[in-house]
Structure formats: structure tokens, C-alpha cells
Amino acid sequence: MNKPQLLQQVIARLEDDLLQAQQAALTAYETATHEENIAENKYDTLGLEASYLATGQARRAAAIRQTLANWKQLVLRTFDPQQGIQLGALIELSDDQDRRQCLFLGPDGAAMKLQQDGQTVQVIGPQAPLGQVLLGKTIGDEVTLRVASGVQLLEILSVD
């Protein structure tokens with residue numbers, strides 16, 4: 001697995017999301033301010049609804065912009081067993097049934113799945129329940145994660 005390529009995939013996906021959010025906000029703003037949508041009576045709320053939508057889309061775009069800035073500032077480091085798992089770590093886990101999963105731990109706000117070398121990589125942040133229990137851990141450690149169906153025991157197989 002190539003961490004710099006994964007980082008670029010995350011940034012590219014966030015840039016696409018930002019563009020879509022900005023376009024949606026612009027469309028909603030244009031709808032809200034269009035002369036045909038001026039309220040003719042108190043029951044004519046299309047313009048008002050569009051303005052609420054424009055505000056929400058603008059907030060969404062701002063949140064994505066902040067997430068994108070955080071990911072662009074992420075410095076990828078090699079794993080240091082003394083510090084344990086930190087942001088930028090690529091982690092391979094195994095559950096008690098030997099099902100493996102690969103995680104890329106980065107700043108919050110970019111939960112997504114990526115594909116690299118035919119393998120799925122789940123991107124998580126440190127605020128995610130799994131991200132919280134992994135921080136500071138090292139290869140060979142076992143972590144417990146409470147899920148809706150009970151408790152899941154995971155072993156850290158490798159960290160890059």
C-alpha cells in the first residue's frame with residue numbers, strides 16, 4: 001500500500017465533494033433570489049425554502065473546505081512504536097474470525113472507502129470509535145470495540 005497515493009485519493013475525493021457542495025449552494029442561492037420566486041402571499045414559501053437550502057449547502061461547503069485543509073496539512077510519517085498509532089497511519093487489523101481490514105487514520109471529516117491494489121481501505125478519523133481505541137497502540141496489541149451486536153476484539157497486525 002502506498003500512503004501518499006491514499007492521501008492524494010482522499011484529497012481528490014474531498015475536492016470533488018467541495019465542488020459539488022459549492023455548485024449546490026449556488027443553485028439554491030439562484031433559486032432563492034430568482035424574481036419568479038418572490039413570495040406573492042404568506043403561503044408562497046419556495047424562495048424561503050431555497051434560501052434555507054442555500055444556507056445549509058454553504059455550511060456544508062465550509063465544513064468540507066476545512067476538512068480538505070486539514071488533510072492537505074497531514075504529514076505522513078513512518079510508524080514509530082514508541083509513539084504508537086498516530087494520524088497518517090495505515091493499519092491492518094484482524095478480528096477473532098481472521099477477517100482482515102485495512103484502515104487509514106487521518107483528520108476527522110473524511111470517512112470513506114478507497115481502493116488500492118485491489119484492496120479496500122477504510123478512511124477513519126480519531127473521533128471515530130475505532131480511531132479512538134487505536135491511537136497510541138502498536139503492532140500486536142488487541143483492542144476492544146463496542147458495537148451494536150456486542151463487543152468486537154481486533155488485533156493490530158501491521159502499521160505503516
# chains A, B, ... in the order shown; residues from 1 in each chain; ligands from 1

call {"tool": "residues_around", "arguments": {"residues": "Thr120 in chain A", "least_positions_apart": "3", "cutoff": "10 Å", "atoms": "only C-alpha atoms", "output": "PyMOL selection string"}}
result
chain A and resi 101-103+113-117+123

call {"tool": "closest_residue", "arguments": {"among": "A:Gln9, A:Ser94, A:Thr55, A:Thr67", "to": "Leu26 in chain A", "atoms": "only C-alpha atoms"}}
result
A:Thr55

call {"tool": "residues_around", "arguments": {"residues": "Leu153 in chain A", "least_positions_apart": "4", "cutoff": "6 Å", "atoms": "only C-alpha atoms", "output": "number ranges by chain"}}
result
A: 95, 143-144

call {"tool": "atom_distance", "arguments": {"atom1": "CA of Gly136 in chain A", "atom2": "CA of Ser149 in chain A"}}
result
25.8 Å

call {"tool": "residues_around", "arguments": {"residues": "Ile156 in chain A", "least_positions_apart": "5", "cutoff": "10 Å", "atoms": "only C-alpha atoms", "output": "list in words"}}
result
Ile91, Glu92, Leu93, Ser94, Asp95, Arg100, Gln101, Leu134, Lys137, Thr138, Ile139, Gly140, Asp141, Glu142 and Val143 of chain A

call {"tool": "write_last_selection", "arguments": {"atoms": "C-alpha atoms", "output": "PDB file, in the first residue's frame"}}
result
ATOM      1  CA  ILE A  91      -3.278  -0.096   9.854  1.00  0.00           C
ATOM      2  CA  GLU A  92      -4.127  -3.721   9.166  1.00  0.00           C
ATOM      3  CA  LEU A  93      -6.466  -5.370  11.668  1.00  0.00           C
ATOM      4  CA  SER A  94      -7.814  -8.868  12.126  1.00  0.00           C
ATOM      5  CA  ASP A  95     -10.885  -9.929  14.065  1.00  0.00           C
ATOM      6  CA  ARG A 100      -8.807  -8.590   7.880  1.00  0.00           C
ATOM      7  CA  GLN A 101      -9.411  -4.939   7.270  1.00  0.00           C
ATOM      8  CA  LEU A 134      -6.327   2.659  18.049  1.00  0.00           C
ATOM      9  CA  LYS A 137      -1.457   1.324  20.174  1.00  0.00           C
ATOM     10  CA  THR A 138       1.215  -0.723  18.420  1.00  0.00           C
ATOM     11  CA  ILE A 139       1.644  -3.920  16.411  1.00  0.00           C
ATOM     12  CA  GLY A 140       0.387  -6.992  18.285  1.00  0.00           C
ATOM     13  CA  ASP A 141      -1.927  -5.034  20.583  1.00  0.00           C
ATOM     14  CA  GLU A 142      -5.526  -6.100  20.882  1.00  0.00           C
ATOM     15  CA  VAL A 143      -8.318  -3.558  21.095  1.00  0.00           C
TER      16      VAL A 143
END

call {"tool": "closest_residue", "arguments": {"among": "A:Ala128, A:Ile11, A:Ala54, A:Ala21", "to": "Leu74 in chain A", "atoms": "only C-alpha atoms"}}
result
A:Ile11

call {"tool": "select_by_dssp", "arguments": {"residues": "chain A", "states": "strand (DSSP E or B)", "output": "PyMOL selection string"}}
result
chain A and resi 90-95+100-105+112-116+119-124+142-147+150-159

call {"tool": "write_last_selection", "arguments": {"atoms": "N, CA and C atoms", "output": "short mmCIF file (atom, residue, chain, number, x, y, z; two decimals), in the first residue's frame"}}
result
data_model
loop_
_atom_site.label_atom_id
_atom_site.label_comp_id
_atom_site.auth_asym_id
_atom_site.auth_seq_id
_atom_site.Cartn_x
_atom_site.Cartn_y
_atom_site.Cartn_z
N LEU A 90 -1.36 3.75 8.44
CA LEU A 90 -2.06 2.74 7.65
C LEU A 90 -2.01 1.46 8.47
N ILE A 91 -3.19 0.96 8.86
CA ILE A 91 -3.28 -0.10 9.85
C ILE A 91 -3.99 -1.31 9.27
N GLU A 92 -3.43 -2.49 9.54
CA GLU A 92 -4.13 -3.72 9.17
C GLU A 92 -4.57 -4.42 10.44
N LEU A 93 -5.86 -4.73 10.50
CA LEU A 93 -6.47 -5.37 11.67
C LEU A 93 -7.02 -6.73 11.29
N SER A 94 -7.18 -7.57 12.31
CA SER A 94 -7.81 -8.87 12.13
C SER A 94 -8.77 -9.09 13.29
N ASP A 95 -9.95 -9.62 12.98
CA ASP A 95 -10.88 -9.93 14.06
C ASP A 95 -10.70 -11.37 14.52
N ARG A 100 -9.74 -9.71 7.83
CA ARG A 100 -8.81 -8.59 7.88
C ARG A 100 -9.43 -7.34 7.28
N GLN A 101 -8.99 -6.22 7.81
CA GLN A 101 -9.41 -4.94 7.27
C GLN A 101 -8.26 -3.95 7.34
N CYS A 102 -8.25 -3.05 6.40
CA CYS A 102 -7.19 -2.05 6.32
C CYS A 102 -7.80 -0.68 6.57
N LEU A 103 -7.16 0.10 7.46
CA LEU A 103 -7.64 1.43 7.82
C LEU A 103 -6.56 2.47 7.56
N PHE A 104 -7.01 3.65 7.17
CA PHE A 104 -6.12 4.80 7.03
C PHE A 104 -6.65 5.84 8.00
N LEU A 105 -5.87 6.15 9.03
CA LEU A 105 -6.29 7.07 10.09
C LEU A 105 -5.82 8.48 9.76
N MET A 112 -14.58 7.47 4.40
CA MET A 112 -14.83 6.98 3.04
C MET A 112 -14.09 5.67 2.84
N LYS A 113 -14.45 4.97 1.78
CA LYS A 113 -13.72 3.76 1.41
C LYS A 113 -12.99 4.04 0.11
N LEU A 114 -11.74 3.58 0.06
CA LEU A 114 -10.91 3.74 -1.12
C LEU A 114 -10.45 2.37 -1.59
N GLN A 115 -10.02 2.31 -2.82
CA GLN A 115 -9.47 1.08 -3.39
C GLN A 115 -8.01 1.34 -3.77
N GLN A 116 -7.14 0.41 -3.38
CA GLN A 116 -5.75 0.49 -3.80
C GLN A 116 -5.21 -0.94 -3.90
N GLN A 119 -7.45 -3.76 -2.98
CA GLN A 119 -7.86 -3.91 -1.58
C GLN A 119 -8.65 -2.68 -1.15
N THR A 120 -9.66 -2.89 -0.32
CA THR A 120 -10.46 -1.79 0.22
C THR A 120 -9.77 -1.22 1.44
N VAL A 121 -9.69 0.10 1.50
CA VAL A 121 -9.10 0.79 2.64
C VAL A 121 -10.17 1.72 3.20
N GLN A 122 -10.50 1.54 4.48
CA GLN A 122 -11.48 2.40 5.15
C GLN A 122 -10.74 3.59 5.76
N VAL A 123 -11.17 4.79 5.43
CA VAL A 123 -10.58 6.00 5.99
C VAL A 123 -11.42 6.40 7.20
N ILE A 124 -10.75 6.59 8.33
CA ILE A 124 -11.45 6.99 9.55
C ILE A 124 -10.68 8.13 10.22
N GLU A 142 -4.12 -5.78 21.14
CA GLU A 142 -5.53 -6.10 20.88
C GLU A 142 -6.37 -4.96 21.42
N VAL A 143 -7.41 -4.62 20.67
CA VAL A 143 -8.32 -3.56 21.10
C VAL A 143 -9.74 -4.11 21.09
N THR A 144 -10.54 -3.59 21.99
CA THR A 144 -11.94 -4.00 22.04
C THR A 144 -12.79 -2.82 21.59
N LEU A 145 -13.76 -3.14 20.76
CA LEU A 145 -14.65 -2.13 20.21
C LEU A 145 -16.08 -2.55 20.50
N ARG A 146 -16.82 -1.67 21.15
CA ARG A 146 -18.24 -1.95 21.41
C ARG A 146 -19.04 -1.59 20.16
N VAL A 147 -19.78 -2.57 19.67
CA VAL A 147 -20.65 -2.38 18.52
C VAL A 147 -22.06 -2.79 18.91
N GLY A 150 -22.59 -6.25 20.12
CA GLY A 150 -21.78 -6.72 21.26
C GLY A 150 -20.41 -6.09 21.27
N VAL A 151 -19.41 -6.91 21.57
CA VAL A 151 -18.04 -6.45 21.66
C VAL A 151 -17.22 -7.15 20.58
N GLN A 152 -16.40 -6.38 19.90
CA GLN A 152 -15.54 -6.94 18.84
C GLN A 152 -14.10 -6.81 19.29
N LEU A 153 -13.36 -7.91 19.21
CA LEU A 153 -11.95 -7.93 19.57
C LEU A 153 -11.14 -7.90 18.28
N LEU A 154 -10.22 -6.94 18.18
CA LEU A 154 -9.40 -6.77 17.00
C LEU A 154 -7.93 -6.79 17.37
N GLU A 155 -7.12 -7.41 16.54
CA GLU A 155 -5.68 -7.43 16.75
C GLU A 155 -5.02 -6.57 15.67
N ILE A 156 -4.04 -5.78 16.07
CA ILE A 156 -3.30 -4.94 15.13
C ILE A 156 -2.18 -5.80 14.53
N LEU A 157 -2.29 -6.08 13.24
CA LEU A 157 -1.32 -6.95 12.56
C LEU A 157 -0.13 -6.17 12.04
N SER A 158 -0.38 -4.99 11.46
CA SER A 158 0.72 -4.18 10.94
C SER A 158 0.33 -2.72 10.92
N VAL A 159 1.34 -1.87 10.97
CA VAL A 159 1.14 -0.42 10.91
C VAL A 159 2.24 0.15 10.04
#

call {"tool": "atom_distance", "arguments": {"atom1": "CA of Val10 in chain A", "atom2": "CA of Tyr52 in chain A"}}
result
29.2 Å

call {"tool": "atom_distance", "arguments": {"atom1": "CA of Asp80 in chain A", "atom2": "CA of Gln97 in chain A"}}
result
28.1 Å

call {"tool": "select_by_dssp", "arguments": {"residues": "range 37-111 of chain A", "states": "helix (DSSP H, G or I)", "output": "number ranges by chain"}}
result
A: 37, 46-72

call {"tool": "residues_around", "arguments": {"residues": "Gly125 in chain A", "least_positions_apart": "4", "cutoff": "6 Å", "atoms": "only C-alpha atoms", "output": "PyMOL selection string"}}
result
chain A and resi 105-108+131

call {"tool": "write_last_selection", "arguments": {"atoms": "C-alpha atoms", "output": "short mmCIF file (atom, residue, chain, number, x, y, z; two decimals), in the first residue's frame"}}
result
data_model
loop_
_atom_site.label_atom_id
_atom_site.label_comp_id
_atom_site.auth_asym_id
_atom_site.auth_seq_id
_atom_site.Cartn_x
_atom_site.Cartn_y
_atom_site.Cartn_z
CA LEU A 105 -6.29 7.07 10.09
CA GLY A 106 -6.42 10.77 9.31
CA PRO A 107 -8.07 14.02 10.39
CA ASP A 108 -11.82 13.97 11.03
CA GLY A 131 -9.96 5.61 15.73
#

call {"tool": "closest_residue", "arguments": {"among": "A:Ile64, A:Ala50, A:Glu30, A:Arg59", "to": "Leu18 in chain A", "atoms": "only C-alpha atoms"}}
result
A:Ile64

call {"tool": "residues_around", "arguments": {"residues": "Leu135 in chain A", "least_positions_apart": "5", "cutoff": "8 Å", "atoms": "only C-alpha atoms", "output": "ChimeraX atom specification"}}
result
/A:84-86,126

call {"tool": "write_last_selection", "arguments": {"atoms": "N, CA and C atoms", "output": "compact mmCIF listing (two decimals), in the first residue's frame"}}
result
# COMPACT_ATOMS: atom_id res chain seq x y z
N GLY A 84 3.37 4.87 19.02
CA GLY A 84 2.17 4.11 18.69
C GLY A 84 1.47 4.72 17.48
N ILE A 85 0.28 4.26 17.25
CA ILE A 85 -0.50 4.71 16.09
C ILE A 85 -0.87 6.18 16.24
N GLN A 86 -0.59 6.94 15.18
CA GLN A 86 -0.90 8.37 15.12
C GLN A 86 -1.62 8.67 13.81
N PRO A 126 -9.81 10.27 14.12
CA PRO A 126 -9.53 9.93 15.52
C PRO A 126 -10.76 10.06 16.42
